[in-house]
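Comments concern the structure below.
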Amino acid sequence: MILKIKHLTTILIFLSGYYFLFVSYKNIIIEKNTDHDFSTKSESNQDSNIIKDINLQKNKKQTIIKNDLNKVNVIEEINNLQEIVFEVKKNQTFSKIVSKYLSSDKVVFNVVNEIEKTFDLRKLKAGIKILFYQDQASKKLVKIIIPIENDINLNVFIAENIAVEKKYLKTKLESHSKEYLITNSLYSDGIKNNIPIEILTKLIRLYSFDLDFQRDIRKDTKVSISYDSKNIEDRDQQYFGDINYALIEIEINKLEYFKFKTDEGFIDYFNKKGENVKKSILKTPIDGARLSSTFGIRKHPILGYNKMHRGVDFAASKGTSVFAGGNGTIEFAGKNGGYGNYIRIRHNNEYKTAYAHLLGFKKGISTGIRVNQGNVIGYVGSSGRSTGPHLHYEIIYQNEQINPLTLKLPSGKKLKGKELERFISEMKTIYANHLNLLYE
């Protein structure tokens, strides 16, 4: 009996051990299969990502086909092009610039020859930024972009053949209106109120016919202005157009100007009465200058005795541009004793203007040359008998120097009839648009 119990116990222990061994083995198989499945899924995902990356790389390729007469150029622009920005310097020619990136004089000639069919490369100006695109692997030049106008690029594609196209860039026109009070100066307060420098310069030139910016402008003078801008999307650049409306209000005196295209096709500015705001001669032929010496008797800063000062002096930085005070012919341009570098312009039989102590003359300025009001004729300097950089400016009436600041200058064109009616209609529209933009 005891022996039977021992045999039964041994059998039970053996069966229990076999059971636990079977369960453990099954779990190991399940875990192994689970691990295998997970690994397979991961490898599958990695393969999927690789395919996606390859597809992305394929999508990054663009095939550009350009037709030039009967030629077809196929150029693959892959994501490995290197962009080189080259700013044109003074007196540099395009052929000399592009020769740095092309393999032979023959290729340079062919590229220049194709471009010349569309654009005169002599019109390439200093400061223009040309974009060159080289293949990083082969270092071959495959594309050139030349900005030929504010909103036009010239695209040059270089392969077995050369194709040239004009690309008109996307533009967005916007109108702006601003208003501010002067606490320091028209220019500095304009900058603080985010008015572009180009517009402020135009504003100063426009009002230089009627205002002496040193004497007339006072604190709390109101400035109100409307102007246009053109945004070039592909270049991420902005260009500024004309002033449409301008107001400078000094206490009770309002100087209000409106842009208008005359029947003759000229863009000009008129007051509410249809009177042209331009005068025959500028009172201040320089931007942003400080009046440093007035017309009349003064103690000469070098000679040391009282002497008649037959003009006005404007202190300005060396190299500041000097403008022609009016339309006319250059009567003299050269050295003139104590005046140093000197220009005199004859405007008509009665009026002349003179500009002294110049650093130098603008290229092309010489005796007998015709100039228009506002043209740059020279640059502020300290030549001749001078204690520092400034412009000495004279207005000569019937061969006698007179005070420019007290001169009563004749007005320009006055609109009449149908032209005046058209101006009044356009003036109302301009002013309404200005107010809408200002208070929207």
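Letters A, B, ... go to the chains of the structure tokens in the order shown; residues in each chain start at 1; ligands are counted from 1 in the same order.
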Check your understanding: In range 149-384 of chain A, what's strand (DSSP E or B) per DSSP? Answer as a ChimeraX atom specification?
Key -> /A:149,152-158,162-168,171-181,222-232,237-250,253-261,267-270,275-276,279,286,290-293,296-299,306-309,312-315,321-323,328-335,341-346,351-361,370-371,376-381
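In this structure, CA of Val223 in chain A sits 6.6 Å away from CA of Glu249 in chain A.
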Practice item. Name all residues at most 9 Å from Glu275 in chain A (count only C-alpha atoms; drop same-chain ones fewer than 2 positions away) and give them as a ChimeraX atom specification. Key: /A:269-273,277-278,411-415
